[in-house]
Each structure stands twice: as C-alpha cells, then as structure tokens.
Amino acid sequence: MQIPIFTVDAFTGHSFSGNPAAVCLLENDLKEDLHQKIATEVNLSETAFIRKLHSTDDFTKSSCFGLRWFSPATEVPLCGHATLAAAAVLFHIQKNPNSVLTFVTLSGDLKARQVEDRIVLDLPLYLAYPQVFQEVEELIKVAIGDMTVQDVRYSPDTKNLLVRLSDAYKRSDLEELQVKAQDLLSVDKTGKLKGVIVTLKGDASVKPKGYDFYSRYFPPWYGVLEDPVTGSIHAVLGSYWSEQLGKKEMLAFQCSHRGGELKISLRDDGRVDIAGQFAIVLRGNLSL
C-alpha cells in the first residue's frame with residue numbers, strides 16, 4: 001500500500017524554519033497501530049493523518065475531512081501547526097477549491113481558510129488560571145533555573161503550565177535559555193502536565209516588526225523535548241496576553257532555534273484565529 005506523505009514547515013514562509021509536520025493522505029482506513037508506527041518512524045513533532053469521512057469524498061473537492069495528530073510517542077488532542085500543514089497540502093497540492101476546510105478532530109470541528117499568503121486556523125480559546133508558585137516551584141526551577149518569574153498559570157484544557165518571565169528580561173534571554181526538558185519528567189508524576197510554556201512580554205512598537213510576546217514550549221510528556229512553533233499553545237497564550245495587554249489582535253514569535261511567527265485574533269464567539277505562513281518541502285509515498 002502506498003500512502004502519499006508530505007513535509008510542511010508551518011508558521012514560516014521559508015523552508016527549514018518554523019515547525020515541520022508530516023501529512024499523510026489516507027484513501028482508506030488505516031490499521032489503528034499503524035498511525036503511531038508511522039509517526040514514530042517519521043519522528044517529527046507531529047504527523048497528521050487526513051482521512052475521508054465517506055467513501056465518495058475526494059481530497060480535491062470535498063470540504064470536510066477527519067484529522068488526527070500523532071507525536072513520536074502518542075496521539076495528541078490538538079495540534080495547530082500540523083492542522084495548518086494539513087490545510088496547506090489540501091489547498092496547494094490537491095488544489096482543493098473550497099474557501100473553508102473543516103476538520104473533524106478530538107478537539108471538535110476545526111476550520112481552516114486562506115487569507116493572502118497565510119492559512120488561518122479557527123481554534124478553541126483556552127483559559128489559564130493562576131497557580132500558587134510554591135506548589136510548582138520545583139518544576140519551574142528544573143525548567144528555567146534561577147530566572148525571575150512574574151506569573152504562573154495552568155491550562156486544564158491543554159494540561160500546560162504557563163510560566164511568564166519577568167519583564168526585565170529580553171528576547172535574547174529567552175532564546176539563550178537552556179531547559180533540561182527531559183528532567184521535567186522526573187519532577188511531575190501527577191499526570192496533570194503535558195507541557196511547559198515559557199513566555200515573555202514583547203514590544204510591539206519596535207520597527208519594522210515588533211512582537212507582542214515571545215514563547216518557547218517544552219512538551220517531553222509527548223516525546224518532544226522542544227516543539228519549534230506550536231499553534232495550540234497560542235490558544236492559551238492568546239487568552240493570557242490579551243488579558244495582560246488589553247488587545248485582541250497580536251503578533252507573536254516562538255523563539256526556538258527554528259523560530260516562527262503567528263498572527264492571533266481573538267473573536268467575539270470565544271474562539272481564536274491563528275494565522276501563519278508555510279513552506280512545502282517534501283513530497284513522497286510511504287510503502288506499507
């Protein structure tokens with residue numbers, strides 16, 4: 001059996017930056033265990049599987065598909081960059097003419113549309129709630145050492161801990177931060193945590209392009225030490241920084257070594273639009 005597979009760099013307009021995701025087009029149902037085996041073999045932070053919901057569906061014409069995401073270690077409930085990658089394959093490889101694509105996922109129906117050179121994802125907006133610092137102090141110290149923390153929040157929907165660094169730090173401090181992500185696994189054994197977000201206030205007034213906030217993301221519980229650019233955590237960060245900055249439109253940058261840019265727009269219906277560019281860098285077939 002041959003399965004078309006693509007690698008797409010998401011949240012960037014250039015190859016070899018942003019966050020790479022693999023995208024598989026499934027003409028037929030796949031044996032359940034093969035999803036994980038393929039994702040482990042590909043060994044990118046996420047592999048997306050697009051499947052037909054009905055036998056008469058067509059990747060070049062239909063507007064609604066099933067979508068699942070797998071890290072090298074496990075299935076995940078939501079992945080923004082792999083959703084953007086999936087939409088890029090349908091819009092630009094399959095030449096799907098629909099203005100909006102709908103994906104049926106573990107996180108409900110997600111929509112993707114094209115706006116100029118970006119793909120816009122319609123995602124749930126997730127709240128993060130204040131945490132008592134002492135209760136997570138050991139975890140934070142393992143993550144960021146002695147850096148000064150300004151705020152700590154927890155997102156129960158995504159099981160992510162949000163750690164905001166002091167405003168005294170600069171982008172370069174976040175970029176140079178050495179996080180021993182593997183050590184986080186030994187600190188938290190509650191099952192309540194899937195990732196640690198480290199974020200920092202930006203300066204939107206900087207020319208020619210200023211960012212409202214920066215972040216890095218460490219999800220070793222998913223088998224990924226650092227995820228380069230993560231759409232789903234910006235559904236948490238968008239909520240948090242909108243509250244902090246009093247803004248509904250924000251530009252964010254995730255400061256991994258690859259780096260990626262995200263445009264964030266909070267909507268009146270309690271959801272968030274997250275937009276990014278993409279680069280399709282690989283096309284091929286899996287032989288099973």
# chains A, B, ... in the order shown; residues from 1 in each chain; ligands from 1
call {"tool": "closest_atom_pairs", "arguments": {"of": "segment 65-91 of chain A", "to": "segment 36-46 of chain A", "cutoff": "7 Å", "atoms": "only C-alpha atoms", "output": "Markdown table"}}
result
| residue | atom | partner | partner_atom | distance |
| --- | --- | --- | --- | --- |
| A:Trp69 | CA | A:Glu46 | CA | 6.2 |
| A:Phe70 | CA | A:Glu46 | CA | 5.4 |
| A:Ser71 | CA | A:Glu46 | CA | 4.5 |
| A:Pro72 | CA | A:Thr40 | CA | 4.1 |
| A:Ala73 | CA | A:Thr40 | CA | 6.7 |
| A:Thr74 | CA | A:Gln36 | CA | 6.8 |
| A:Ala82 | CA | A:Glu46 | CA | 6.4 |
call {"tool": "write_last_selection", "arguments": {"atoms": "N, CA, C and O atoms", "output": "short mmCIF file (atom, residue, chain, number, x, y, z; two decimals), in the first residue's frame"}}
result
data_model
loop_
_atom_site.label_atom_id
_atom_site.label_comp_id
_atom_site.auth_asym_id
_atom_site.auth_seq_id
_atom_site.Cartn_x
_atom_site.Cartn_y
_atom_site.Cartn_z
N TRP A 69 -3.73 13.61 14.97
CA TRP A 69 -2.33 14.01 15.10
C TRP A 69 -1.61 13.05 16.04
O TRP A 69 -2.11 12.72 17.11
N PHE A 70 -0.40 12.66 15.66
CA PHE A 70 0.41 11.77 16.50
C PHE A 70 1.81 12.35 16.63
O PHE A 70 2.44 12.73 15.62
N SER A 71 2.29 12.43 17.87
CA SER A 71 3.70 12.72 18.12
C SER A 71 4.47 11.40 17.97
O SER A 71 3.86 10.35 17.77
N PRO A 72 5.79 11.42 18.10
CA PRO A 72 6.52 10.14 18.04
C PRO A 72 6.14 9.17 19.15
O PRO A 72 6.42 7.97 19.05
N ALA A 73 5.47 9.69 20.20
CA ALA A 73 5.17 8.84 21.36
C ALA A 73 3.69 8.53 21.55
O ALA A 73 3.34 7.48 22.09
N THR A 74 2.79 9.44 21.10
CA THR A 74 1.38 9.26 21.45
C THR A 74 0.48 10.11 20.55
O THR A 74 0.95 11.03 19.88
N ALA A 82 0.32 21.23 12.71
CA ALA A 82 0.03 20.12 11.81
C ALA A 82 -1.33 20.30 11.13
O ALA A 82 -1.55 19.77 10.03
#
call {"tool": "select_by_dssp", "arguments": {"residues": "segment 6-65 of chain A", "states": "alpha helix (DSSP H)", "output": "list in words"}}
result
Glu32, Asp33, Leu34, His35, Gln36, Lys37, Ile38, Ala39, Thr40, Glu41 and Val42 of chain A
call {"tool": "write_last_selection", "arguments": {"atoms": "N, CA, C and O atoms", "output": "CSV table (one decimal), in the first residue's frame"}}
result
chain,number,residue,atom,x,y,z
A,32,GLU,N,-5.2,0.6,13.2
A,32,GLU,CA,-5.0,1.6,14.3
A,32,GLU,C,-3.6,1.7,14.7
A,32,GLU,O,-3.0,2.9,14.9
A,33,ASP,N,-2.9,0.7,14.9
A,33,ASP,CA,-1.5,0.7,15.4
A,33,ASP,C,-0.5,1.3,14.4
A,33,ASP,O,0.6,1.8,14.7
A,34,LEU,N,-0.9,1.4,13.1
A,34,LEU,CA,0.0,2.0,12.1
A,34,LEU,C,0.1,3.5,12.2
A,34,LEU,O,1.2,4.0,11.8
A,35,HIS,N,-0.9,4.1,12.7
A,35,HIS,CA,-0.8,5.6,12.9
A,35,HIS,C,0.5,5.9,13.8
A,35,HIS,O,1.3,6.8,13.4
A,36,GLN,N,0.6,5.3,14.9
A,36,GLN,CA,1.7,5.5,15.8
A,36,GLN,C,3.0,5.1,15.2
A,36,GLN,O,4.0,5.7,15.4
A,37,LYS,N,3.0,3.9,14.6
A,37,LYS,CA,4.2,3.4,14.0
A,37,LYS,C,4.8,4.4,12.9
A,37,LYS,O,6.0,4.6,12.8
A,38,ILE,N,3.9,4.9,12.1
A,38,ILE,CA,4.3,5.9,11.1
A,38,ILE,C,4.9,7.1,11.7
A,38,ILE,O,5.9,7.7,11.3
A,39,ALA,N,4.1,7.7,12.7
A,39,ALA,CA,4.6,8.9,13.4
A,39,ALA,C,5.9,8.7,14.1
A,39,ALA,O,6.8,9.6,14.1
A,40,THR,N,6.2,7.5,14.7
A,40,THR,CA,7.4,7.2,15.3
A,40,THR,C,8.5,7.1,14.2
A,40,THR,O,9.7,7.6,14.4
A,41,GLU,N,8.2,6.5,13.1
A,41,GLU,CA,9.2,6.4,12.0
A,41,GLU,C,9.6,7.7,11.4
A,41,GLU,O,10.8,8.0,11.2
A,42,VAL,N,8.6,8.6,11.2
A,42,VAL,CA,8.8,9.9,10.6
A,42,VAL,C,9.6,10.8,11.6
A,42,VAL,O,10.5,11.5,11.3
call {"tool": "closest_residue", "arguments": {"among": "A:Arg68, A:Arg118, A:Ile144, A:Thr158", "to": "Ser232 of chain A", "atoms": "only C-alpha atoms"}}
result
A:Thr158
call {"tool": "atom_distance", "arguments": {"atom1": "atom CA of Gln182 of chain A", "atom2": "atom CA of Ile197 of chain A"}}
result
14.6 Å
call {"tool": "residues_around", "arguments": {"residues": "Val152 of chain A", "least_positions_apart": "5", "cutoff": "7 Å", "atoms": "only C-alpha atoms", "output": "ChimeraX atom specification"}}
result
/A:130-131,133,162-164
call {"tool": "write_last_selection", "arguments": {"atoms": "C-alpha atoms", "output": "PDB file, in the first residue's frame"}}
result
ATOM      1  CA  PRO A 130      -3.298  31.422  38.482  1.00  0.00           C
ATOM      2  CA  GLN A 131      -1.173  28.913  40.380  1.00  0.00           C
ATOM      3  CA  PHE A 133       4.128  29.478  42.986  1.00  0.00           C
ATOM      4  CA  LEU A 162       2.435  28.791  31.583  1.00  0.00           C
ATOM      5  CA  VAL A 163       5.481  30.464  33.133  1.00  0.00           C
ATOM      6  CA  ARG A 164       5.875  34.182  32.445  1.00  0.00           C
TER       7      ARG A 164
END
call {"tool": "residues_around", "arguments": {"residues": "Pro124 of chain A", "least_positions_apart": "2", "cutoff": "9 Å", "atoms": "only C-alpha atoms", "output": "PyMOL selection string"}}
result
chain A and resi 107-108+110+122+126+232+235+270-273
call {"tool": "write_last_selection", "arguments": {"atoms": "all heavy atoms", "output": "short mmCIF file (atom, residue, chain, number, x, y, z; two decimals), in the first residue's frame"}}
result
data_model
loop_
_atom_site.label_atom_id
_atom_site.label_comp_id
_atom_site.auth_asym_id
_atom_site.auth_seq_id
_atom_site.Cartn_x
_atom_site.Cartn_y
_atom_site.Cartn_z
N SER A 107 -10.64 17.56 19.19
CA SER A 107 -10.95 18.86 19.80
C SER A 107 -12.13 19.53 19.13
O SER A 107 -12.29 20.75 19.18
CB SER A 107 -9.72 19.78 19.74
OG SER A 107 -8.70 19.29 20.58
N GLY A 108 -12.99 18.72 18.50
CA GLY A 108 -14.17 19.27 17.83
C GLY A 108 -13.86 19.62 16.38
O GLY A 108 -12.82 19.25 15.83
N LEU A 110 -12.61 21.85 13.55
CA LEU A 110 -11.68 22.95 13.34
C LEU A 110 -11.76 23.39 11.88
O LEU A 110 -11.84 22.54 10.99
CB LEU A 110 -10.24 22.53 13.68
CG LEU A 110 -10.01 21.92 15.06
CD1 LEU A 110 -8.53 21.57 15.23
CD2 LEU A 110 -10.45 22.87 16.17
N ASP A 122 -9.13 28.28 12.85
CA ASP A 122 -10.17 28.63 13.83
C ASP A 122 -10.08 27.60 14.96
O ASP A 122 -10.44 26.45 14.80
CB ASP A 122 -11.53 28.57 13.12
CG ASP A 122 -12.72 28.59 14.08
OD1 ASP A 122 -12.52 28.75 15.30
OD2 ASP A 122 -13.85 28.45 13.59
N TYR A 126 -8.37 28.84 25.05
CA TYR A 126 -8.24 28.17 26.34
C TYR A 126 -7.75 29.13 27.42
O TYR A 126 -6.77 29.85 27.22
CB TYR A 126 -7.25 27.00 26.23
CG TYR A 126 -7.72 25.89 25.32
CD1 TYR A 126 -6.91 25.45 24.28
CD2 TYR A 126 -8.96 25.29 25.50
CE1 TYR A 126 -7.33 24.42 23.44
CE2 TYR A 126 -9.39 24.26 24.66
CZ TYR A 126 -8.57 23.84 23.64
OH TYR A 126 -8.98 22.82 22.81
N SER A 232 -1.25 25.31 18.99
CA SER A 232 -2.22 25.05 20.06
C SER A 232 -1.89 25.81 21.34
O SER A 232 -2.80 26.25 22.04
CB SER A 232 -2.29 23.55 20.36
OG SER A 232 -1.03 23.05 20.76
N ALA A 235 -3.36 29.19 21.58
CA ALA A 235 -4.76 29.29 22.01
C ALA A 235 -4.83 29.56 23.51
O ALA A 235 -5.83 30.07 24.01
CB ALA A 235 -5.51 28.00 21.67
N GLY A 270 -15.70 33.56 21.44
CA GLY A 270 -14.93 32.77 22.39
C GLY A 270 -13.92 31.84 21.75
O GLY A 270 -13.39 30.94 22.42
N ARG A 271 -13.62 32.04 20.48
CA ARG A 271 -12.60 31.25 19.81
C ARG A 271 -11.48 32.17 19.35
O ARG A 271 -11.54 33.39 19.57
CB ARG A 271 -13.22 30.47 18.63
CG ARG A 271 -14.23 29.42 19.10
CD ARG A 271 -14.89 28.69 17.94
NE ARG A 271 -13.95 27.84 17.21
CZ ARG A 271 -13.62 26.61 17.60
NH1 ARG A 271 -14.12 26.09 18.70
NH2 ARG A 271 -12.79 25.88 16.87
N VAL A 272 -10.46 31.60 18.72
CA VAL A 272 -9.32 32.41 18.32
C VAL A 272 -8.88 32.00 16.91
O VAL A 272 -8.88 30.82 16.57
CB VAL A 272 -8.16 32.26 19.33
CG1 VAL A 272 -7.69 30.82 19.43
CG2 VAL A 272 -7.00 33.19 18.99
N ASP A 273 -8.55 32.99 16.10
CA ASP A 273 -7.96 32.75 14.79
C ASP A 273 -6.45 32.86 14.92
O ASP A 273 -5.93 33.86 15.43
CB ASP A 273 -8.46 33.78 13.78
CG ASP A 273 -9.87 33.51 13.30
OD1 ASP A 273 -10.35 32.37 13.47
OD2 ASP A 273 -10.50 34.45 12.77
#
call {"tool": "residues_around", "arguments": {"residues": "Leu282 of chain A", "least_positions_apart": "2", "cutoff": "12 Å", "atoms": "only C-alpha atoms", "output": "list in words"}}
result
Pro4, Ile5, Phe6, Thr7, Val8, Asp9, Ser15, Phe16, Pro20, Ala21, Ala22, Val23, Cys24, Ala85, Val89, Ile93, Ala279, Ile280, Gly284 and Asn285 of chain A
